[in-house]
file run_17.pdb (PDB, C-alpha atoms)
ATOM      1  CA  MET A   1      -8.330  -0.186  33.272
ATOM      2  CA  ARG A   2      -7.304  -2.741  30.635
ATOM      3  CA  SER A   3      -4.263  -2.175  28.524
ATOM      4  CA  SER A   4      -4.677  -1.534  24.834
ATOM      5  CA  ARG A   5      -4.776  -4.337  22.302
ATOM      6  CA  LEU A   6      -3.024  -2.116  19.764
ATOM      7  CA  PRO A   7       0.439  -3.677  20.199
ATOM      8  CA  TRP A   8      -1.064  -7.057  19.262
ATOM      9  CA  VAL A   9      -2.738  -5.537  16.207
ATOM     10  CA  LEU A  10       0.508  -3.964  15.040
ATOM     11  CA  LEU A  11       2.411  -7.192  15.768
ATOM     12  CA  ALA A  12      -0.062  -9.207  13.663
ATOM     13  CA  VAL A  13       0.285  -6.791  10.766
ATOM     14  CA  ALA A  14       4.095  -6.659  11.080
ATOM     15  CA  LEU A  15       4.280 -10.467  11.143
ATOM     16  CA  HIS A  16       2.178 -10.625   7.988
ATOM     17  CA  MET A  17       4.505  -8.091   6.360
ATOM     18  CA  LEU A  18       7.574 -10.066   7.373
ATOM     19  CA  LEU A  19       6.181 -13.296   5.943
ATOM     20  CA  PHE A  20       4.680 -11.923   2.746
ATOM     21  CA  GLU A  21       6.871  -8.966   1.764
ATOM     22  CA  MET A  22       7.053  -8.811  -2.032
ATOM     23  CA  GLY A  23       9.529  -6.024  -2.719
ATOM     24  CA  PRO A  24       8.645  -3.681  -5.537
ATOM     25  CA  GLY A  25       5.509  -4.929  -7.231
ATOM     26  CA  GLY A  26       5.119  -4.600 -10.948
ATOM     27  CA  ALA A  27       5.857  -1.513 -12.957
ATOM     28  CA  ASP A  28       4.557   0.936 -10.333
ATOM     29  CA  GLY A  29       6.798  -0.272  -7.517
ATOM     30  CA  TRP A  30       9.877  -0.550  -9.708
ATOM     31  CA  SER A  31       9.236   2.859 -11.259
ATOM     32  CA  TYR A  32       8.952   4.524  -7.860
ATOM     33  CA  TYR A  33      12.123   2.746  -6.727
ATOM     34  CA  ALA A  34      13.979   3.881  -9.868
ATOM     35  CA  ILE A  35      12.951   7.502  -9.289
ATOM     36  CA  THR A  36      14.131   7.310  -5.682
ATOM     37  CA  GLU A  37      17.419   5.729  -6.728
ATOM     38  CA  SER A  38      17.942   8.340  -9.437
ATOM     39  CA  ILE A  39      17.388  11.243  -7.045
ATOM     40  CA  TRP A  40      19.157   9.936  -3.935
ATOM     41  CA  VAL A  41      21.973   7.838  -5.436
ATOM     42  CA  ASP A  42      22.681   9.379  -8.832
ATOM     43  CA  GLY A  43      21.725  12.923  -7.854
ATOM     44  CA  ASP A  44      19.783  13.495 -11.056
ATOM     45  CA  LEU A  45      16.460  12.859 -12.752
ATOM     46  CA  ASP A  46      17.917  10.907 -15.668
ATOM     47  CA  LEU A  47      16.034   7.640 -15.341
ATOM     48  CA  ALA A  48      17.736   5.811 -18.207
ATOM     49  CA  ASP A  49      20.304   4.169 -15.921
ATOM     50  CA  ASN A  50      17.721   3.258 -13.279
ATOM     51  CA  ASP A  51      15.383   1.192 -15.425
ATOM     52  CA  TYR A  52      15.500  -2.458 -14.410
ATOM     53  CA  GLY A  53      13.198  -3.518 -17.228
ATOM     54  CA  VAL A  54       9.909  -3.508 -15.328
ATOM     55  CA  SER A  55       9.075   0.193 -15.192
ATOM     56  CA  THR A  56       6.707   2.079 -17.441
ATOM     57  CA  PHE A  57       9.281   4.616 -18.570
ATOM     58  CA  HIS A  58       9.138   6.054 -22.063
ATOM     59  CA  VAL A  59      11.807   7.684 -24.190
ATOM     60  CA  VAL A  60      10.728  10.997 -25.678
ATOM     61  CA  ASN A  61      13.193  13.088 -27.644
ATOM     62  CA  GLY A  62      16.051  10.994 -26.291
ATOM     63  CA  ARG A  63      15.042  11.542 -22.649
ATOM     64  CA  THR A  64      13.643   8.819 -20.384
ATOM     65  CA  ILE A  65      10.446  10.039 -18.724
ATOM     66  CA  THR A  66       7.883   8.620 -16.322
ATOM     67  CA  LYS A  67       4.260   9.244 -15.491
ATOM     68  CA  TYR A  68       4.965   8.966 -11.762
ATOM     69  CA  PRO A  69       5.601  12.033  -9.593
ATOM     70  CA  PRO A  70       8.735  11.972  -7.416
ATOM     71  CA  GLY A  71       6.939  12.730  -4.132
ATOM     72  CA  THR A  72       7.323   9.280  -2.606
ATOM     73  CA  SER A  73      11.080   9.680  -3.010
ATOM     74  CA  LEU A  74      11.021  12.308  -0.274
ATOM     75  CA  LEU A  75       9.801   9.703   2.211
ATOM     76  CA  ASP A  76      11.749   6.761   0.765
ATOM     77  CA  GLY A  77      15.065   8.582   0.440
ATOM     78  CA  PRO A  78      16.237   8.429   4.056
ATOM     79  CA  PHE A  79      15.705   4.650   4.106
ATOM     80  CA  LEU A  80      17.601   4.250   0.852
ATOM     81  CA  LEU A  81      20.452   6.354   2.242
ATOM     82  CA  ALA A  82      20.556   4.204   5.379
ATOM     83  CA  ALA A  83      20.900   1.137   3.163
ATOM     84  CA  ARG A  84      23.716   2.853   1.268
ATOM     85  CA  ALA A  85      25.639   3.049   4.523
ATOM     86  CA  LEU A  86      25.431  -0.757   4.696
ATOM     87  CA  GLU A  87      26.411  -1.345   1.068
ATOM     88  CA  PRO A  88      29.926  -2.573   1.861
ATOM     89  CA  LEU A  89      28.362  -5.508   3.720
ATOM     90  CA  ALA A  90      26.196  -6.420   0.735
ATOM     91  CA  ALA A  91      28.737  -5.816  -2.040
ATOM     92  CA  GLY A  92      29.386  -9.484  -2.876
ATOM     93  CA  PHE A  93      25.829 -10.697  -2.332
ATOM     94  CA  ARG A  94      23.638 -11.723  -5.276
ATOM     95  CA  PRO A  95      19.966 -12.340  -4.569
ATOM     96  CA  ASP A  96      18.989 -15.884  -5.467
ATOM     97  CA  PHE A  97      15.408 -16.939  -4.890
ATOM     98  CA  GLY A  98      15.642 -20.267  -6.687
ATOM     99  CA  ASP A  99      12.177 -21.496  -7.603
ATOM    100  CA  ARG A 100      10.354 -19.404  -5.002
ATOM    101  CA  GLY A 101       8.634 -17.116  -7.464
ATOM    102  CA  LYS A 102      10.954 -14.114  -7.567
ATOM    103  CA  LYS A 103      11.632 -13.297 -11.179
ATOM    104  CA  PRO A 104      13.484 -10.600 -13.063
ATOM    105  CA  PRO A 105      14.571  -7.956 -12.397
ATOM    106  CA  TYR A 106      15.997  -9.434  -9.184
ATOM    107  CA  ASP A 107      18.395 -11.459 -11.299
ATOM    108  CA  ARG A 108      19.743  -8.159 -12.691
ATOM    109  CA  VAL A 109      20.623  -6.477  -9.399
ATOM    110  CA  ASP A 110      23.622  -6.863  -7.161
ATOM    111  CA  GLY A 111      23.636  -6.983  -3.373
ATOM    112  CA  ARG A 112      23.973  -3.217  -3.003
ATOM    113  CA  VAL A 113      20.890  -2.512  -5.111
ATOM    114  CA  PHE A 114      19.012  -5.361  -3.421
ATOM    115  CA  ALA A 115      19.768  -3.853   0.025
ATOM    116  CA  ARG A 116      18.422  -0.488  -1.144
ATOM    117  CA  ILE A 117      15.296  -2.133  -2.576
ATOM    118  CA  MET A 118      14.631  -3.934   0.705
ATOM    119  CA  ALA A 119      15.174  -0.692   2.654
ATOM    120  CA  VAL A 120      12.520   1.055   0.564
ATOM    121  CA  SER A 121      10.194  -1.944   0.996
ATOM    122  CA  PHE A 122      10.771  -1.780   4.751
ATOM    123  CA  ALA A 123       9.939   1.937   4.633
ATOM    124  CA  HIS A 124       6.575   1.207   3.034
ATOM    125  CA  ASN A 125       5.828  -1.449   5.643
ATOM    126  CA  LEU A 126       6.699   1.048   8.360
ATOM    127  CA  PHE A 127       4.550   3.738   6.725
ATOM    128  CA  ALA A 128       1.574   1.379   6.785
ATOM    129  CA  LEU A 129       2.150   0.479  10.452
ATOM    130  CA  ILE A 130       2.431   4.113  11.480
ATOM    131  CA  GLY A 131      -0.667   4.890   9.403
ATOM    132  CA  LEU A 132      -2.581   2.206  11.308
ATOM    133  CA  LEU A 133      -1.391   3.761  14.553
ATOM    134  CA  PHE A 134      -2.730   7.123  13.342
ATOM    135  CA  VAL A 135      -6.107   5.551  12.477
ATOM    136  CA  TYR A 136      -6.243   3.997  15.944
ATOM    137  CA  ARG A 137      -5.310   7.286  17.634
ATOM    138  CA  ALA A 138      -7.863   9.249  15.586
ATOM    139  CA  LEU A 139     -10.627   6.850  16.589
ATOM    140  CA  ARG A 140      -9.610   6.926  20.239
ATOM    141  CA  ALA A 141      -9.606  10.743  20.113
ATOM    142  CA  LEU A 142     -13.206  10.504  18.876
ATOM    143  CA  ASP A 143     -14.056   8.391  21.973
ATOM    144  CA  PHE A 144     -14.316   5.041  20.196
ATOM    145  CA  SER A 145     -13.456   2.123  22.445
ATOM    146  CA  ASP A 146     -10.070   0.438  22.323
ATOM    147  CA  GLY A 147     -11.686  -2.670  20.847
ATOM    148  CA  THR A 148     -13.462  -0.759  18.087
ATOM    149  CA  ALA A 149     -10.311   1.211  17.233
ATOM    150  CA  CYS A 150      -8.206  -1.985  17.130
ATOM    151  CA  VAL A 151     -10.702  -3.875  14.972
ATOM    152  CA  THR A 152     -10.932  -0.893  12.640
ATOM    153  CA  ALA A 153      -7.130  -0.755  12.355
ATOM    154  CA  LEU A 154      -7.039  -4.500  11.604
ATOM    155  CA  LEU A 155      -9.778  -4.176   9.000
ATOM    156  CA  THR A 156      -8.087  -1.137   7.475
ATOM    157  CA  PHE A 157      -5.117  -3.363   6.728
ATOM    158  CA  PHE A 158      -6.497  -6.879   6.190
ATOM    159  CA  ALA A 159      -9.835  -6.037   4.536
ATOM    160  CA  SER A 160      -8.655  -3.351   2.154
ATOM    161  CA  PRO A 161      -6.166  -3.012  -0.695
ATOM    162  CA  MET A 162      -3.619  -1.867   1.914
ATOM    163  CA  LEU A 163      -2.870  -5.572   2.413
ATOM    164  CA  PHE A 164      -1.340  -5.559  -1.072
ATOM    165  CA  TYR A 165      -0.098  -2.006  -1.365
ATOM    166  CA  ALA A 166       1.843  -1.898   1.895
ATOM    167  CA  SER A 167       4.226  -4.578   0.693
ATOM    168  CA  ASN A 168       5.140  -3.691  -2.868
ATOM    169  CA  GLY A 169       6.749  -0.271  -3.011
ATOM    170  CA  MET A 170       3.884   1.592  -4.626
ATOM    171  CA  SER A 171       2.717   5.031  -3.544
ATOM    172  CA  GLU A 172      -0.303   3.915  -1.511
ATOM    173  CA  ALA A 173       1.568   3.235   1.749
ATOM    174  CA  PRO A 174       3.188   6.697   1.883
ATOM    175  CA  SER A 175      -0.158   8.243   0.883
ATOM    176  CA  PHE A 176      -1.905   6.281   3.642
ATOM    177  CA  LEU A 177       0.673   7.484   6.155
ATOM    178  CA  ILE A 178       0.075  11.121   5.238
ATOM    179  CA  ALA A 179      -3.731  10.843   5.004
ATOM    180  CA  SER A 180      -4.078   8.979   8.297
ATOM    181  CA  GLY A 181      -1.674  11.430   9.966
ATOM    182  CA  VAL A 182      -3.816  14.336   8.819
ATOM    183  CA  LEU A 183      -6.934  12.517  10.065
ATOM    184  CA  TRP A 184      -5.332  12.068  13.486
ATOM    185  CA  LEU A 185      -4.239  15.712  13.648
ATOM    186  CA  LEU A 186      -7.703  16.964  12.796
TER     187      LEU A 186
END
call {"tool": "encode", "arguments": {"input": "run_17.pdb", "output": "structure tokens"}}
result
Amino acid sequence: MRSSRLPWVLLAVALHMLLFEMGPGGADGWSYYAITESIWVDGDLDLADNDYGVSTFHVVNGRTITKYPPGTSLLDGPFLLAARALEPLAAGFRPDFGDRGKKPPYDRVDGRVFARIMAVSFAHNLFALIGLLFVYRALRALDFSDGTACVTALLTFFASPMLFYASNGMSEAPSFLIASGVLWLL
């Protein structure tokens, strides 16, 4: 019996993530990060002090509000808290990307915030990888061959919007994790 090709599939996807990780992407990613930071760091839902200038927050009656639900914060929070434990190591660091395309708001964050942002980005990469594992397992449980399950997992990542969404902090990677987990359990 041949061994599974799944480790190679997951390695290819992880390598892509490592090379092309974007951090929070656009207003969605930054908004979700700000909600997570507000809940897990500040211990409140006052988003005014968590807006890095890219979110889609609005001020209504003196209160900063968002259109995004806080559900992803439940999955992102433990990763953010792990990064908080490492904050003393990052305290003096300032992210500097030079001319490599990273723009504000990275120039407005210190090393501690940057470490938390990267922890949440890592979480979303991990959610996508685990989701691909669930897709593979679901297909194998339905008696698809190892090759078919591996190709399907590869295509699920590289031939779908997951290629973008897994590396920018938006809600799609956590949603994919949950949906593919339910698929596998059924």
call {"tool": "residues_near_point", "arguments": {"input": "run_17.pdb", "point": "(2.7, 1.3, -4.4)", "cutoff": "9 Å", "atoms": "all atoms listed in the file", "output": "JSON, numbers by chain"}}
result
{"A": [24, 25, 28, 29, 32, 124, 164, 165, 166, 167, 168, 169, 170, 171, 172, 173, 174]}
call {"tool": "closest_residue", "arguments": {"input": "run_17.pdb", "among": "A:Phe176, A:Ser160, A:Thr36, A:Pro7", "to": "A:Thr72", "atoms": "only C-alpha atoms"}}
result
A:Thr36
call {"tool": "residues_near_point", "arguments": {"input": "run_17.pdb", "point": "(10.9, 11.5, -11.0)", "cutoff": "12 Å", "atoms": "all atoms listed in the file", "output": "number ranges by chain"}}
result
A: 31-40, 43-48, 50, 57, 64-74
call {"tool": "atom_distance", "arguments": {"input": "run_17.pdb", "atom1": "atom CA of A:Asp49", "atom2": "atom CA of A:Asp110"}}
result
14.5 Å
call {"tool": "resolve_selection", "arguments": {"input": "run_17.pdb", "expression": "the PyMOL selection byres ((chain A and resi 86) around 12)", "output": "PyMOL selection string"}}
result
chain A and resi 79-85+87-91+111-116+118-119
call {"tool": "atom_distance", "arguments": {"input": "run_17.pdb", "atom1": "atom CA of A:Leu19", "atom2": "atom CA of A:Gly53"}}
result
26.1 Å
call {"tool": "atom_distance", "arguments": {"input": "run_17.pdb", "atom1": "atom CA of A:Ser4", "atom2": "atom CA of A:Asp146"}}
result
6.3 Å
call {"tool": "resolve_selection", "arguments": {"input": "run_17.pdb", "expression": "the PyMOL selection byres ((chain A and resi 134) around 8)", "output": "MDAnalysis selection string"}}
result
chainID A and resid 130:133 135:138 177 180:181 183:184
call {"tool": "residues_around", "arguments": {"input": "run_17.pdb", "residues": "A:Val54", "least_positions_apart": "5", "cutoff": "7 Å", "atoms": "all atoms listed in the file", "output": "list in words"}}
result
Gly26, Ala27 and Trp30 of chain A
call {"tool": "closest_residue", "arguments": {"input": "run_17.pdb", "among": "A:Leu126, A:Pro161, A:Leu185, A:Thr156", "to": "A:Leu142", "atoms": "only C-alpha atoms"}}
result
A:Leu185
call {"tool": "closest_residue", "arguments": {"input": "run_17.pdb", "among": "A:Ile117, A:Met162, A:Val41, A:Cys150", "to": "A:Ser175", "atoms": "all atoms listed in the file"}}
result
A:Met162
call {"tool": "closest_residue", "arguments": {"input": "run_17.pdb", "among": "A:Arg108, A:Val13, A:Phe20, A:Ser3", "to": "A:Tyr52", "atoms": "only C-alpha atoms"}}
result
A:Arg108
